[in-house]
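K.L.:
So here's structure-v5.csv (CSV, C-alpha atoms).
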```
chain,number,residue,atom,x,y,z
A,1,MET,CA,95.5,85.9,62.7
A,2,SER,CA,96.3,89.5,63.7
A,3,THR,CA,99.5,90.4,65.5
A,4,ILE,CA,100.7,93.4,67.3
A,5,ARG,CA,104.4,94.3,67.0
A,6,LEU,CA,106.2,96.7,69.2
A,7,THR,CA,109.9,97.4,69.4
A,8,VAL,CA,111.3,99.4,72.3
A,9,PRO,CA,114.8,100.2,73.5
A,10,GLY,CA,116.0,97.5,76.0
A,11,ASN,CA,115.8,100.0,78.8
A,12,LEU,CA,113.5,100.2,81.8
A,13,ARG,CA,112.4,103.7,80.8
A,14,TYR,CA,110.3,102.1,78.1
A,15,ARG,CA,108.8,99.4,80.2
A,16,GLY,CA,105.6,101.4,81.0
A,17,ILE,CA,104.8,101.7,77.2
A,18,ALA,CA,105.2,98.0,76.7
A,19,VAL,CA,103.1,97.1,79.7
A,20,ARG,CA,100.2,99.3,78.6
A,21,VAL,CA,100.2,97.7,75.1
A,22,VAL,CA,100.2,94.3,76.7
A,23,ALA,CA,97.4,95.2,79.1
A,24,GLU,CA,95.3,96.4,76.2
A,25,ALA,CA,96.0,93.2,74.2
A,26,ALA,CA,95.0,91.1,77.3
A,27,ARG,CA,91.7,93.1,77.4
A,28,LEU,CA,91.0,92.1,73.8
A,29,VAL,CA,91.0,88.5,74.9
A,30,SER,CA,89.4,88.7,78.3
A,31,GLY,CA,86.8,91.2,77.3
A,32,SER,CA,87.3,93.1,80.5
A,33,ALA,CA,85.9,96.7,80.6
A,34,GLN,CA,88.0,99.7,81.5
A,35,ARG,CA,87.4,101.1,84.9
A,36,ASP,CA,87.5,104.7,83.5
A,37,PRO,CA,87.3,105.0,79.7
A,38,ASN,CA,88.2,108.7,80.1
A,39,ASP,CA,91.5,107.8,81.7
A,40,PRO,CA,93.4,105.6,79.2
A,41,LEU,CA,96.6,105.9,81.2
A,42,ASP,CA,95.1,104.4,84.3
A,43,ASN,CA,96.9,101.3,85.6
A,44,ASP,CA,93.7,99.3,85.2
A,45,VAL,CA,94.5,95.6,85.7
A,46,ARG,CA,91.7,93.8,87.6
A,47,HIS,CA,90.4,90.9,85.6
A,48,PRO,CA,92.3,87.6,86.5
A,49,PHE,CA,93.4,87.1,82.9
A,50,ASP,CA,94.7,90.6,82.5
A,51,THR,CA,96.4,90.3,85.9
A,52,ALA,CA,98.2,87.1,85.0
A,53,VAL,CA,99.4,88.4,81.6
A,54,VAL,CA,100.5,91.8,82.8
A,55,SER,CA,102.2,90.5,85.9
A,56,ALA,CA,104.2,87.9,84.0
A,57,PHE,CA,105.1,90.3,81.2
A,58,MET,CA,106.4,92.9,83.7
A,59,GLU,CA,108.7,90.3,85.2
A,60,ILE,CA,110.1,89.1,81.8
A,61,PHE,CA,110.6,92.7,80.6
A,62,ASN,CA,112.5,93.4,83.8
A,63,ASN,CA,114.6,90.3,83.3
A,64,VAL,CA,115.6,91.3,79.8
A,65,ALA,CA,116.5,94.8,80.7
A,66,ILE,CA,118.5,93.8,83.8
A,67,HIS,CA,120.0,90.4,82.8
A,68,ALA,CA,120.2,90.5,79.0
A,69,TYR,CA,121.1,94.2,78.6
A,70,GLN,CA,122.5,94.6,82.1
A,71,ARG,CA,120.7,98.0,82.6
A,72,LYS,CA,122.8,99.5,79.8
A,73,ASP,CA,121.1,101.6,77.2
A,74,VAL,CA,121.9,99.1,74.4
A,75,GLY,CA,119.8,96.9,72.1
A,76,THR,CA,116.1,96.6,71.6
A,77,ILE,CA,113.3,94.4,72.8
A,78,GLN,CA,111.0,93.1,70.1
A,79,ILE,CA,107.5,92.2,71.3
A,80,VAL,CA,105.1,90.3,69.2
A,81,ILE,CA,101.6,89.9,70.7
A,82,THR,CA,99.1,87.5,69.1
A,83,PRO,CA,95.6,87.7,70.6
A,84,THR,CA,93.1,85.1,69.6
A,85,GLU,CA,89.6,84.3,70.8
A,86,ARG,CA,90.7,82.3,73.7
A,87,GLU,CA,94.5,82.8,74.1
A,88,LEU,CA,97.1,85.5,74.2
A,89,VAL,CA,100.7,84.7,73.1
A,90,ILE,CA,103.5,87.1,73.6
A,91,GLU,CA,107.0,86.6,72.1
A,92,ILE,CA,109.8,88.7,73.5
A,93,GLU,CA,113.1,88.8,71.7
A,94,ASP,CA,116.4,90.4,72.7
A,95,TYR,CA,120.0,90.3,71.5
A,96,GLY,CA,121.6,90.6,75.0
A,97,ASN,CA,123.2,88.0,77.3
A,98,SER,CA,121.5,84.7,77.5
A,99,PHE,CA,119.7,83.7,80.8
A,100,ASP,CA,119.9,80.4,82.5
A,101,ILE,CA,116.3,79.8,83.4
A,102,ASP,CA,117.2,76.5,85.1
A,103,ARG,CA,119.3,78.3,87.7
A,104,VAL,CA,116.4,80.1,89.2
A,105,ALA,CA,115.9,78.9,92.7
A,106,PRO,CA,112.4,77.9,93.8
A,107,LEU,CA,110.7,79.9,96.6
A,108,PRO,CA,111.0,78.5,100.1
A,109,ALA,CA,108.4,75.7,100.7
A,110,GLU,CA,107.3,77.2,104.0
A,111,LEU,CA,107.1,81.0,104.2
A,112,ASP,CA,107.3,82.9,107.4
A,113,GLU,CA,108.5,86.2,108.7
A,114,LEU,CA,112.2,85.1,108.6
A,115,SER,CA,112.1,83.4,105.2
A,116,LEU,CA,110.3,86.2,103.3
A,117,PRO,CA,112.3,86.5,100.0
A,118,GLU,CA,113.6,89.9,98.9
A,119,GLY,CA,114.5,88.7,95.4
A,120,GLY,CA,114.3,85.8,92.9
A,121,MET,CA,110.5,86.0,92.6
A,122,GLY,CA,110.1,87.3,89.1
A,123,ILE,CA,110.4,84.0,87.1
A,124,HIS,CA,108.3,82.3,89.7
A,125,ILE,CA,105.5,84.8,89.2
A,126,ALA,CA,105.6,84.5,85.4
A,127,LYS,CA,105.6,80.7,85.4
A,128,THR,CA,102.8,80.4,88.0
A,129,MET,CA,100.6,83.0,86.4
A,130,LEU,CA,100.8,81.7,82.8
A,131,ASP,CA,100.0,78.4,81.1
A,132,GLU,CA,103.3,78.4,79.3
A,133,VAL,CA,106.6,80.1,79.7
A,134,THR,CA,109.5,79.0,77.4
A,135,TYR,CA,112.9,80.4,76.9
A,136,GLU,CA,115.3,79.8,74.0
A,137,PRO,CA,118.8,81.2,74.4
A,138,GLY,CA,120.0,83.0,71.4
A,139,PRO,CA,121.0,85.2,69.8
A,140,PRO,CA,118.3,86.3,69.7
A,141,ASN,CA,117.0,85.1,73.0
A,142,LEU,CA,113.4,84.3,72.8
A,143,TRP,CA,110.8,84.2,75.6
A,144,ARG,CA,107.4,82.8,74.7
A,145,LEU,CA,104.5,83.4,77.1
A,146,SER,CA,101.0,82.2,76.6
A,147,LYS,CA,97.8,82.4,78.6
A,148,ARG,CA,94.5,80.8,77.8
A,149,LEU,CA,91.1,81.8,78.9
A,150,PRO,CA,89.5,79.3,81.2
A,151,ALA,CA,86.5,77.5,79.6
A,152,THR,CA,83.9,79.1,81.8
A,153,ALA,CA,85.2,82.6,80.9
A,154,GLY,CA,84.8,81.8,77.2
A,155,ILE,CA,81.2,80.8,77.8
A,156,ALA,CA,80.5,83.9,79.7
A,157,ARG,CA,81.9,86.0,76.9
A,158,GLU,CA,79.8,84.3,74.3
A,159,GLU,CA,76.7,84.8,76.4
A,160,ARG,CA,77.4,88.6,76.6
A,161,SER,CA,78.0,89.0,72.9
B,1,MET,CA,107.7,110.3,87.2
B,2,ALA,CA,105.2,110.9,90.0
B,3,THR,CA,106.2,109.8,93.5
B,4,PRO,CA,104.0,106.8,94.3
B,5,PHE,CA,104.1,107.2,98.1
B,6,GLU,CA,103.5,109.6,100.9
B,7,THR,CA,104.4,109.4,104.5
B,8,LYS,CA,102.2,110.8,107.3
B,9,LYS,CA,103.1,110.9,111.0
B,10,THR,CA,100.3,109.9,113.3
B,11,GLU,CA,99.9,110.1,117.0
B,12,ASP,CA,101.3,106.6,117.6
B,13,GLY,CA,103.4,105.9,114.5
B,14,THR,CA,103.8,106.4,110.8
B,15,THR,CA,101.4,105.7,107.9
B,16,LEU,CA,102.9,105.1,104.5
B,17,PHE,CA,100.5,105.5,101.5
B,18,VAL,CA,101.7,103.7,98.4
B,19,ARG,CA,99.8,104.4,95.1
B,20,GLY,CA,99.9,103.8,91.4
B,21,SER,CA,102.6,101.3,90.3
B,22,LEU,CA,105.3,100.0,92.6
B,23,ASP,CA,107.8,98.5,90.3
B,24,ILE,CA,111.4,98.3,89.3
B,25,ASN,CA,111.4,101.9,88.4
B,26,THR,CA,109.6,103.3,91.5
B,27,ALA,CA,110.7,100.8,94.2
B,28,PRO,CA,114.2,102.4,94.7
B,29,ALA,CA,112.7,105.7,95.8
B,30,LEU,CA,110.4,103.8,98.2
B,31,ALA,CA,113.4,101.9,99.6
B,32,GLU,CA,115.1,105.2,100.5
B,33,GLU,CA,111.9,106.4,102.2
B,34,ILE,CA,111.8,103.1,104.1
B,35,ASP,CA,115.3,103.7,105.4
B,36,LYS,CA,114.2,107.1,106.7
B,37,ILE,CA,111.2,105.7,108.4
B,38,VAL,CA,113.1,102.9,110.1
B,39,ALA,CA,115.9,105.3,111.2
B,40,THR,CA,113.3,106.8,113.5
B,41,LYS,CA,112.7,103.4,115.2
B,42,PRO,CA,108.9,103.6,114.9
B,43,SER,CA,106.8,101.6,117.3
B,44,LYS,CA,104.0,101.3,114.8
B,45,VAL,CA,103.9,101.6,111.0
B,46,GLU,CA,100.9,101.2,108.7
B,47,CYS,CA,101.5,100.7,105.0
B,48,ASP,CA,98.2,101.6,103.2
B,49,ILE,CA,98.3,100.1,99.7
B,50,SER,CA,94.6,100.7,98.8
B,51,GLY,CA,95.8,103.1,96.1
B,52,LEU,CA,98.2,100.6,94.6
B,53,ASP,CA,97.2,99.4,91.2
B,54,LEU,CA,100.2,97.4,90.0
B,55,ILE,CA,103.2,95.7,91.7
B,56,ASP,CA,106.1,93.7,90.4
B,57,SER,CA,108.7,91.6,92.2
B,58,SER,CA,110.8,94.7,92.9
B,59,GLY,CA,107.9,96.3,94.5
B,60,VAL,CA,107.2,93.2,96.6
B,61,ALA,CA,110.8,93.2,97.6
B,62,ALA,CA,110.5,96.8,98.8
B,63,LEU,CA,107.5,96.0,101.0
B,64,VAL,CA,109.3,92.9,102.3
B,65,LYS,CA,112.2,95.2,103.2
B,66,LEU,CA,109.8,97.6,105.0
B,67,TYR,CA,108.2,94.7,106.9
B,68,LYS,CA,111.5,93.1,108.0
B,69,SER,CA,113.2,96.5,108.8
B,70,VAL,CA,110.3,97.7,111.0
B,71,ARG,CA,110.2,94.3,112.8
B,72,SER,CA,114.0,94.4,113.3
B,73,VAL,CA,113.8,97.6,115.3
B,74,GLY,CA,110.9,96.2,117.4
B,75,GLY,CA,108.1,98.0,115.7
B,76,ALA,CA,104.7,96.7,114.7
B,77,ILE,CA,103.8,96.8,111.0
B,78,LYS,CA,100.5,96.4,109.3
B,79,ILE,CA,99.9,96.3,105.5
B,80,THR,CA,96.4,97.3,104.6
B,81,GLY,CA,94.1,97.7,101.6
B,82,ALA,CA,95.6,95.2,99.2
B,83,ARG,CA,93.3,94.6,96.2
B,84,ASP,CA,93.3,93.4,92.6
B,85,GLN,CA,96.6,92.7,90.9
B,86,PRO,CA,98.8,93.4,94.0
B,87,LEU,CA,96.6,91.1,96.2
B,88,ALA,CA,96.9,88.4,93.5
B,89,ILE,CA,100.7,88.7,93.6
B,90,PHE,CA,100.8,88.5,97.4
B,91,LYS,CA,98.6,85.4,97.3
B,92,LEU,CA,100.6,83.8,94.6
B,93,LEU,CA,103.8,84.3,96.6
B,94,ARG,CA,102.0,83.1,99.7
B,95,MET,CA,102.8,86.4,101.5
B,96,ASP,CA,99.2,87.2,102.2
B,97,LYS,CA,99.2,85.1,105.3
B,98,VAL,CA,102.5,86.5,106.6
B,99,PHE,CA,101.3,90.0,106.0
B,100,ASN,CA,97.8,89.1,107.3
B,101,LEU,CA,96.2,90.7,104.2
```
In structure tokens, what does this structure look like?

P.N.:
Amino acid sequence: MSTIRLTVPGNLRYRGIAVRVVAEAARLVSGSAQRDPNDPLDNDVRHPFDTAVVSAFMEIFNNVAIHAYQRKDVGTIQIVITPTERELVIEIEDYGNSFDIDRVAPLPAELDELSLPEGGMGIHIAKTMLDEVTYEPGPPNLWRLSKRLPATAGIAREERS
Amino acid sequence: MATPFETKKTEDGTTLFVRGSLDINTAPALAEEIDKIVATKPSKVECDISGLDLIDSSGVAALVKLYKSVRSVGGAIKITGARDQPLAIFKLLRMDKVFNL
């Protein structure tokens, strides 16, 4: 099983680098084609699998930089990505403050103009987009994200190859 | 970092084009632009996000702020052109119906 390891400073300046690596790893599993192969820095996230993985990862990276490292230029974020034929697993480790995932409030059941939330959406996005989101407080704190390809997507890939 | 937005005055209002990635790094600058737009008490604002490739919850919060702020001064606001990952996020958060995307 091949893994991709990336360590970046626990700072939002490095978020874009990590997001691009995760987007490419998602593409390895989904088999999605690049919109423009001549523009490798394009924010090209269209396939539902890539969308789910990248959207969730962005929120967890934000969470680590903001809550664990409190926007200070300290510490590192270690990212271990394991792509397999049908699943992508991402482990994100930090040595900052622990986060109480159970204290995240749910979104309003009924959404209208008045109840539109202006915060607290990140963990909801990650949990809803992925098959599994777990968090183990540390040190080190460990987020584990996983997303599986739906069965029909796997069949389509096999037919293409 | 390139500014991911541009504002254009039209005959009857303001059009805000948002492009690229609207996220925790770029949303604060957009929030400042939103304050400037709302200070003019616009009667009509269109936010064109057809050029927007990626959005995170901070970017969503910025667009919610735009929506609420324009409505609070009596203006009409329309968000247009949502596609791909941003549209998936708005649908997941059930904001697609509120924003009429």

K.L.:
Quick one: residues within 12 Å of Ala126 (chain A), only C-alpha atoms, excluding same-chain residues fewer than 6 positions away - as a list of chain:residue names?

P.N.:
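Counting only the stated atoms, we get A:Thr51, A:Ala52, A:Val53, A:Val54, A:Ser55, A:Ala56, A:Phe57, A:Met58, A:Glu59, A:Ile60, A:Phe61, A:Asn62, A:Asn63, A:Ile101, A:Gly120, A:Glu132, A:Val133, A:Thr134, A:Tyr135, A:Trp143, A:Arg144, A:Leu145, A:Ser146, A:Lys147, B:Asp56, B:Ser57, B:Ile89, B:Leu92, B:Leu93.
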
K.L.:
Check the smallest atom-to-atom distance from each of B:Gly59, B:Val64, B:Val98, B:Gly74 to Ser43 (chain B) using all atoms listed in the file, then report the winner.

P.N.:
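Closest residue, counting all atoms listed in the file: B:Gly74.
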
K.L.:
For the atom pair CA of His67 (chain A) and CA of Pro28 (chain B), what is the interatomic distance in Å to one decimal place?

P.N.:
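CA of Pro28 (chain B) lies 17.9 Å from CA of His67 (chain A).
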
K.L.:
Name the residues in contact with Met95 (chain B) at a cut-off of 10 Å, using all atoms listed in the file, excluding same-chain residues fewer than 2 positions from it; report them as a list in words.

P.N.:
Leu111, Asp112, Glu113, Leu116 and Pro117 of chain A; Val60, Val64, Leu87, Ile89, Phe90, Lys91, Leu92, Leu93, Lys97, Val98, Phe99, Asn100 and Leu101 of chain B

K.L.:
Select, from A:Gly122, A:Tyr69, A:Pro83, A:Ser115, the residue with the minimum atom-to-atom distance to Asn141 (chain A), counting all atoms listed in the file.

P.N.:
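When distances to Asn141 (chain A) are compared using all atoms listed in the file, the smallest one comes from A:Tyr69.
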
K.L.:
Can you tell me which residues surround Asp53 (chain B) at a distance of at most 9 Å, considering all atoms listed in the file, apart from same-chain residues fewer than 6 positions away, and format the answer as a JSON list (two decimals) with C-alpha atoms, in the coordinates of the input?

P.N.:
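As written to disk, out_1.json reads:
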```
[["chain", "number", "residue", "atom", "x", "y", "z"],
["A", 42, "ASP", "CA", 95.10, 104.40, 84.30],
["A", 43, "ASN", "CA", 96.90, 101.30, 85.60],
["A", 44, "ASP", "CA", 93.70, 99.30, 85.20],
["A", 45, "VAL", "CA", 94.50, 95.60, 85.70],
["A", 46, "ARG", "CA", 91.70, 93.80, 87.60],
["B", 19, "ARG", "CA", 99.80, 104.40, 95.10],
["B", 20, "GLY", "CA", 99.90, 103.80, 91.40],
["B", 21, "SER", "CA", 102.60, 101.30, 90.30],
["B", 22, "LEU", "CA", 105.30, 100.00, 92.60],
["B", 83, "ARG", "CA", 93.30, 94.60, 96.20],
["B", 84, "ASP", "CA", 93.30, 93.40, 92.60],
["B", 85, "GLN", "CA", 96.60, 92.70, 90.90],
["B", 86, "PRO", "CA", 98.80, 93.40, 94.00]]
```

K.L.:
Any idea what's packed within 7 Å of Arg5 (chain A), counting all atoms listed in the file, ignoring anything in its chain fewer than 2 positions away? Could you give it as a list in words?

P.N.:
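Residues near the query, excluding close chain neighbours: Thr3, Thr7, Ile79, Val80 and Ile81 of chain A.
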
K.L.:
Set the distance at 12 Å and use all atoms listed in the file: which residues neighbour Thr10 (chain B) once local chain neighbours fewer than 2 positions away are removed? I'd like the list as a ChimeraX atom specification.

P.N.:
/B:7-8,12-16,42-46

K.L.:
What does the structure give for the distance between CA of Tyr14 (chain A) and CA of Glu93 (chain A), in Å to one decimal?

P.N.:
15.0 Å

K.L.:
Would you please work out which residue, of A:Ile4, A:Pro139, A:Val104, A:Arg148, is nearest to Ala18 (chain A) when using only C-alpha atoms?

P.N.:
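Closest to Ala18 (chain A), using only C-alpha atoms: A:Ile4.
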
K.L.:
Please indicate the distance in Å from CA of Gly10 (chain A) to CA of Glu91 (chain A), rounded to one decimal place.

P.N.:
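For CA of Gly10 (chain A) relative to CA of Glu91 (chain A), the distance reads 14.7 Å.
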